[in-house]
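query08.cif (mmCIF, C-alpha atoms and all ligand atoms)
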data_my_file
loop_
_atom_site.label_atom_id
_atom_site.label_comp_id
_atom_site.auth_asym_id
_atom_site.auth_seq_id
_atom_site.Cartn_x
_atom_site.Cartn_y
_atom_site.Cartn_z
CA MET A 1 117.70 115.24 90.08
CA GLU A 2 115.07 113.68 87.92
CA ASP A 3 114.55 110.58 90.00
CA HIS A 4 110.77 110.99 90.06
CA SER A 5 110.01 107.69 88.37
CA ARG A 6 112.52 105.84 90.59
CA ILE A 7 110.77 107.14 93.71
CA GLU A 8 107.32 106.28 92.36
CA ASP A 9 108.55 102.78 91.46
CA LEU A 10 109.88 102.35 95.01
CA PHE A 11 106.52 103.30 96.52
CA ASN A 12 104.69 100.95 94.17
CA ALA A 13 107.10 98.14 95.13
CA LEU A 14 106.46 98.94 98.81
CA ILE A 15 102.69 98.74 98.29
CA GLU A 16 103.06 95.40 96.50
CA ALA A 17 105.28 94.05 99.30
CA VAL A 18 102.76 95.05 101.99
CA ALA A 19 99.88 93.61 99.95
CA ALA A 20 101.83 90.34 99.68
CA ASP A 21 102.64 90.32 103.44
CA ALA A 22 106.36 90.44 102.62
CA TYR A 23 107.20 92.21 105.86
CA ALA A 24 110.99 92.21 105.73
CA GLN A 25 111.01 93.46 102.16
CA ALA A 26 108.40 96.08 103.04
CA ALA A 27 110.51 97.33 105.94
CA THR A 28 113.56 97.72 103.70
CA LEU A 29 111.52 99.40 100.97
CA TRP A 30 109.94 101.78 103.45
CA VAL A 31 113.38 103.04 104.49
CA GLU A 32 114.37 103.52 100.84
CA CYS A 33 111.09 105.32 100.05
CA GLU A 34 111.26 107.58 103.07
CA ARG A 35 114.91 108.51 102.63
CA GLY A 36 114.70 108.75 98.85
CA LEU A 37 111.70 111.08 98.87
CA SER A 38 113.01 113.21 101.74
CA TRP A 39 116.38 113.58 100.01
CA HIS A 40 114.66 114.53 96.78
CA LEU A 41 112.38 117.14 98.39
CA ASP A 42 115.21 118.62 100.46
CA THR A 43 117.45 118.86 97.41
CA GLU A 44 114.82 120.64 95.33
CA ASP A 45 113.92 122.96 98.22
CA GLU A 46 117.49 123.91 98.84
CA LEU A 47 119.04 124.06 95.40
CA LEU A 48 116.31 124.86 92.88
CA LEU A 49 113.40 126.56 94.60
CA PRO A 50 115.32 129.60 95.90
CA ARG A 51 116.19 130.36 92.26
CA LEU A 52 112.62 129.85 91.10
CA LEU A 53 111.36 131.95 94.03
CA SER A 54 113.29 134.98 92.87
CA ASP A 55 112.03 134.67 89.28
CA ARG A 56 108.54 133.14 89.65
CA PRO A 57 107.51 133.51 93.31
CA ARG A 58 103.93 132.23 92.91
CA ASP A 59 105.05 129.09 91.12
CA ALA A 60 107.79 128.48 93.68
CA ARG A 61 105.44 128.93 96.63
CA ALA A 62 102.96 126.47 95.13
CA ILE A 63 105.67 123.81 94.78
CA LEU A 64 107.02 124.49 98.28
CA ALA A 65 103.47 124.05 99.64
CA GLU A 66 103.16 120.72 97.81
CA HIS A 67 106.46 119.59 99.32
CA ARG A 68 105.19 120.48 102.81
CA HIS A 69 102.02 118.52 102.11
CA LEU A 70 103.97 115.48 100.89
CA ARG A 71 106.20 115.53 103.98
CA LEU A 72 103.14 115.66 106.26
CA ARG A 73 101.49 112.80 104.37
CA LEU A 74 104.68 110.76 104.60
CA ALA A 75 104.87 111.41 108.36
CA GLU A 76 101.26 110.24 108.74
CA PHE A 77 102.37 106.73 107.85
CA GLY A 78 104.21 106.76 111.15
CA GLY A 79 107.46 105.15 110.11
CA GLY A 80 106.14 102.29 108.05
CA LEU A 81 103.37 100.92 105.90
CA SER A 82 100.90 98.29 107.01
CA ARG A 83 97.85 96.70 105.40
CA PRO A 84 95.28 99.09 106.90
CA LYS A 85 97.17 101.99 105.33
CA LEU A 86 97.35 100.50 101.83
CA GLU A 87 94.54 102.60 100.37
CA SER A 88 96.06 105.71 101.85
CA ALA A 89 99.43 104.72 100.35
CA ARG A 90 97.85 104.30 96.90
CA ALA A 91 96.32 107.74 97.24
CA PHE A 92 99.71 109.08 98.30
CA VAL A 93 101.33 107.68 95.14
CA ALA A 94 98.64 109.45 93.08
CA GLU A 95 99.41 112.70 94.92
CA LEU A 96 103.10 112.17 94.30
CA ARG A 97 102.43 111.63 90.60
CA ALA A 98 100.29 114.78 90.39
CA HIS A 99 103.06 116.75 92.09
CA THR A 100 105.62 115.36 89.65
CA ARG A 101 103.48 116.36 86.66
CA HIS A 102 103.03 119.86 88.07
CA GLU A 103 106.71 120.17 88.87
CA GLU A 104 107.90 118.97 85.48
CA LYS A 105 105.59 121.47 83.81
CA VAL A 106 106.62 124.37 86.05
CA LEU A 107 109.96 123.86 87.81
CA TYR A 108 111.86 121.70 85.32
CA HIS A 109 110.45 123.60 82.38
CA TRP A 110 111.76 126.78 84.03
CA VAL A 111 115.13 125.09 84.61
CA ASP A 112 115.31 124.22 80.91
CA GLU A 113 114.18 127.63 79.72
CA ARG A 114 115.53 130.11 82.23
CA LEU A 115 118.27 128.78 84.48
CA PRO A 116 121.67 129.77 83.12
CA SER A 117 123.68 126.71 82.17
CA ASP A 118 126.60 127.60 84.49
CA GLU A 119 124.17 127.73 87.44
CA LEU A 120 122.64 124.43 86.42
CA ASP A 121 126.09 122.87 86.14
CA ALA A 122 126.97 124.14 89.62
CA ILE A 123 123.73 122.68 91.04
CA LEU A 124 124.29 119.34 89.34
CA GLU A 125 127.80 119.24 90.77
CA VAL A 126 126.45 119.79 94.30
CA VAL A 127 123.88 117.03 93.70
CA ARG A 128 126.62 114.72 92.45
CA LEU A 129 128.83 115.42 95.48
CA ARG A 130 125.94 115.00 97.91
CA SER A 131 124.74 111.81 96.35
CA GLY A 132 127.73 110.17 98.03
CA ALA A 133 125.91 110.92 101.28
CA LYS A 134 122.60 109.95 99.72
CA PRO A 135 120.93 106.92 101.22
CA PRO A 136 122.05 103.72 99.53
CA ASP A 137 120.21 103.16 96.28
CA ARG A 138 120.70 99.49 95.57
CA SER A 139 117.78 99.34 93.16
CA ALA A 140 119.20 101.80 90.59
FE FE B 201 109.16 118.16 94.15
FE FE B 202 110.77 116.50 92.20
#

Could you spell out this file's structure in structure tokens?
Ligand SMILES: [Fe+2]
Ligand SMILES: [Fe+2]
Amino acid sequence: MEDHSRIEDLFNALIEAVAADAYAQAATLWVECERGLSWHLDTEDELLLPRLLSDRPRDARAILAEHRHLRLRLAEFGGGLSRPKLESARAFVAELRAHTRHEEKVLYHWVDERLPSDELDAILEVVRLRSGAKPPDRSA
């Protein structure tokens, strides 16, 4: 689940590719970024946040709102990244990083402290099974 740094690295690689006019590489990286982030957000929303919601509703709602914001921002790129959107993409990576910091402090701290280990094991098993259907991750 903790593929935060992998996703951030992918976005940074995408930004570098666009800045270097490496269009084919940028197109491939965009697909990996878009799918990787969407998969990550969907997985957290579906498997972890319902548990957090029942224990810490305010914290859960704040994270769900950040996920909605990140999805909207991602959609604003309109299916790809081009030079005029580079500054916006850099700002997006900063937003992503801020979300990750918040989430590690709140959600993953709660997972460590409060989620029973059998529930965590069950969640990790679902993640493992689903990752077969996860978009190809050739970079990992
Ligand atoms: Fe998240
Ligand atoms: Fe996350």

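Nearest-residue note for ligand FE 201 (chain B): choosing from A:Ala89, A:Leu81, A:Val106, A:Leu10, the minimum distance belongs to A:Val106, counting only C-alpha atoms and all ligand atoms.
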
Padding of 8 Å on every side, edges along x, y and z, all listed atoms of range 93-107 of chain A included: what centre and edge lengths in Å, to one decimal, does that box have, as lines of an AutoDock Vina configuration file?
center_x = 104.3
center_y = 116.0
center_z = 89.5
size_x = 27.3
size_y = 32.7
size_z = 27.3

Across A:Leu47, A:Leu74, A:Ala94, A:Leu86, the smallest distance to Leu115 in chain A, with all atoms listed in the file counted, is shown by A:Leu47

Using only C-alpha atoms and all ligand atoms for the distances, tell me which of A:Glu125, A:Glu16, A:Glu103, A:Glu34 is nearest to ligand FE 202 (chain B). A:Glu103

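When all atoms listed in the file are used to measure the gap to Lys105 in chain A, the shortest distance among A:Glu66, A:Ser117, A:Leu129, A:Asp59 belongs to A:Asp59.
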
Restrict the calculation to all atoms listed in the file, then for each residue of chain A with any atom at most 9 Å from an atom of ligand FE 202 (chain B) give the closest atom pair and their distance in Å to one decimal, rows by chain and rising residue number, as CSV.
residue,atom,partner,partner_atom,distance
A:Met1,CA,B:FE202,FE,7.4
A:Glu2,CA,B:FE202,FE,6.7
A:Asp3,CA,B:FE202,FE,7.4
A:His4,CA,B:FE202,FE,5.9
A:Leu37,CA,B:FE202,FE,8.6
A:His40,CA,B:FE202,FE,6.3
A:Leu41,CA,B:FE202,FE,6.4
A:Thr43,CA,B:FE202,FE,8.8
A:Glu44,CA,B:FE202,FE,6.6
A:His67,CA,B:FE202,FE,8.9
A:His99,CA,B:FE202,FE,7.7
A:Thr100,CA,B:FE202,FE,5.9
A:Glu103,CA,B:FE202,FE,6.4
A:Glu104,CA,B:FE202,FE,7.7
A:Leu107,CA,B:FE202,FE,8.6
A:Tyr108,CA,B:FE202,FE,8.7

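Distances here use all atoms listed in the file; by that measure, the residue among A:Leu96, A:Ala75, A:Leu29, A:Val111 closest to ligand FE 201 (chain B) is A:Leu96.
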
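Using all atoms listed in the file, the shortest contact distance between Val127 in chain A and any of A:Glu76, A:Glu95, A:Asp42, A:Glu87 is found at A:Asp42.
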
Atom pair CA of Glu46 in chain A / CA of His109 in chain A: separation (Å): 17.9 Å

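Going from CA of Leu70 in chain A to CA of Arg97 in chain A covers 11.1 Å.
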
Write out N, CA and C atoms for range 35-58 of chain A, as a PDB file, in the coordinates of the input.
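Resulting contents of result02.pdb:
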ATOM      1  N   ARG A  35     113.659 107.762 102.818  1.00  0.00           N
ATOM      2  CA  ARG A  35     114.910 108.510 102.630  1.00  0.00           C
ATOM      3  C   ARG A  35     115.008 109.087 101.229  1.00  0.00           C
ATOM      4  N   GLY A  36     114.596 108.298 100.244  1.00  0.00           N
ATOM      5  CA  GLY A  36     114.700 108.750  98.850  1.00  0.00           C
ATOM      6  C   GLY A  36     113.833 109.973  98.604  1.00  0.00           C
ATOM      7  N   LEU A  37     112.606 109.940  99.093  1.00  0.00           N
ATOM      8  CA  LEU A  37     111.700 111.080  98.870  1.00  0.00           C
ATOM      9  C   LEU A  37     112.163 112.294  99.675  1.00  0.00           C
ATOM     10  N   SER A  38     112.563 112.080 100.924  1.00  0.00           N
ATOM     11  CA  SER A  38     113.010 113.210 101.740  1.00  0.00           C
ATOM     12  C   SER A  38     114.243 113.865 101.111  1.00  0.00           C
ATOM     13  N   TRP A  39     115.162 113.047 100.666  1.00  0.00           N
ATOM     14  CA  TRP A  39     116.380 113.580 100.010  1.00  0.00           C
ATOM     15  C   TRP A  39     115.993 114.393  98.786  1.00  0.00           C
ATOM     16  N   HIS A  40     115.084 113.858  98.005  1.00  0.00           N
ATOM     17  CA  HIS A  40     114.660 114.530  96.780  1.00  0.00           C
ATOM     18  C   HIS A  40     114.003 115.885  97.088  1.00  0.00           C
ATOM     19  N   LEU A  41     113.082 115.887  98.037  1.00  0.00           N
ATOM     20  CA  LEU A  41     112.380 117.140  98.390  1.00  0.00           C
ATOM     21  C   LEU A  41     113.358 118.158  98.966  1.00  0.00           C
ATOM     22  N   ASP A  42     114.235 117.702  99.850  1.00  0.00           N
ATOM     23  CA  ASP A  42     115.210 118.620 100.460  1.00  0.00           C
ATOM     24  C   ASP A  42     116.121 119.223  99.387  1.00  0.00           C
ATOM     25  N   THR A  43     116.538 118.392  98.454  1.00  0.00           N
ATOM     26  CA  THR A  43     117.450 118.860  97.410  1.00  0.00           C
ATOM     27  C   THR A  43     116.782 119.907  96.532  1.00  0.00           C
ATOM     28  N   GLU A  44     115.536 119.649  96.137  1.00  0.00           N
ATOM     29  CA  GLU A  44     114.820 120.640  95.330  1.00  0.00           C
ATOM     30  C   GLU A  44     114.593 121.929  96.118  1.00  0.00           C
ATOM     31  N   ASP A  45     114.188 121.773  97.384  1.00  0.00           N
ATOM     32  CA  ASP A  45     113.920 122.960  98.220  1.00  0.00           C
ATOM     33  C   ASP A  45     115.166 123.830  98.359  1.00  0.00           C
ATOM     34  N   GLU A  46     116.277 123.175  98.515  1.00  0.00           N
ATOM     35  CA  GLU A  46     117.490 123.910  98.840  1.00  0.00           C
ATOM     36  C   GLU A  46     118.201 124.450  97.605  1.00  0.00           C
ATOM     37  N   LEU A  47     118.211 123.672  96.536  1.00  0.00           N
ATOM     38  CA  LEU A  47     119.040 124.060  95.400  1.00  0.00           C
ATOM     39  C   LEU A  47     118.271 124.724  94.257  1.00  0.00           C
ATOM     40  N   LEU A  48     117.030 124.330  94.042  1.00  0.00           N
ATOM     41  CA  LEU A  48     116.310 124.860  92.880  1.00  0.00           C
ATOM     42  C   LEU A  48     115.271 125.917  93.251  1.00  0.00           C
ATOM     43  N   LEU A  49     114.529 125.674  94.323  1.00  0.00           N
ATOM     44  CA  LEU A  49     113.400 126.560  94.600  1.00  0.00           C
ATOM     45  C   LEU A  49     113.796 127.985  94.995  1.00  0.00           C
ATOM     46  N   PRO A  50     114.928 128.200  95.661  1.00  0.00           N
ATOM     47  CA  PRO A  50     115.320 129.600  95.900  1.00  0.00           C
ATOM     48  C   PRO A  50     115.511 130.374  94.603  1.00  0.00           C
ATOM     49  N   ARG A  51     116.017 129.698  93.564  1.00  0.00           N
ATOM     50  CA  ARG A  51     116.190 130.360  92.260  1.00  0.00           C
ATOM     51  C   ARG A  51     114.830 130.641  91.618  1.00  0.00           C
ATOM     52  N   LEU A  52     113.948 129.656  91.689  1.00  0.00           N
ATOM     53  CA  LEU A  52     112.620 129.850  91.100  1.00  0.00           C
ATOM     54  C   LEU A  52     111.866 130.950  91.865  1.00  0.00           C
ATOM     55  N   LEU A  53     112.048 130.971  93.188  1.00  0.00           N
ATOM     56  CA  LEU A  53     111.360 131.950  94.030  1.00  0.00           C
ATOM     57  C   LEU A  53     111.697 133.378  93.609  1.00  0.00           C
ATOM     58  N   SER A  54     112.923 133.610  93.240  1.00  0.00           N
ATOM     59  CA  SER A  54     113.290 134.980  92.870  1.00  0.00           C
ATOM     60  C   SER A  54     112.777 135.357  91.482  1.00  0.00           C
ATOM     61  N   ASP A  55     112.492 134.371  90.649  1.00  0.00           N
ATOM     62  CA  ASP A  55     112.030 134.670  89.280  1.00  0.00           C
ATOM     63  C   ASP A  55     110.520 134.513  89.138  1.00  0.00           C
ATOM     64  N   ARG A  56     109.979 133.450  89.740  1.00  0.00           N
ATOM     65  CA  ARG A  56     108.540 133.140  89.650  1.00  0.00           C
ATOM     66  C   ARG A  56     108.009 132.791  91.033  1.00  0.00           C
ATOM     67  N   PRO A  57     107.851 133.796  91.905  1.00  0.00           N
ATOM     68  CA  PRO A  57     107.510 133.510  93.310  1.00  0.00           C
ATOM     69  C   PRO A  57     106.231 132.692  93.497  1.00  0.00           C
ATOM     70  N   ARG A  58     105.195 132.986  92.716  1.00  0.00           N
ATOM     71  CA  ARG A  58     103.930 132.230  92.910  1.00  0.00           C
ATOM     72  C   ARG A  58     104.115 130.763  92.598  1.00  0.00           C
TER      73      ARG A  58
END
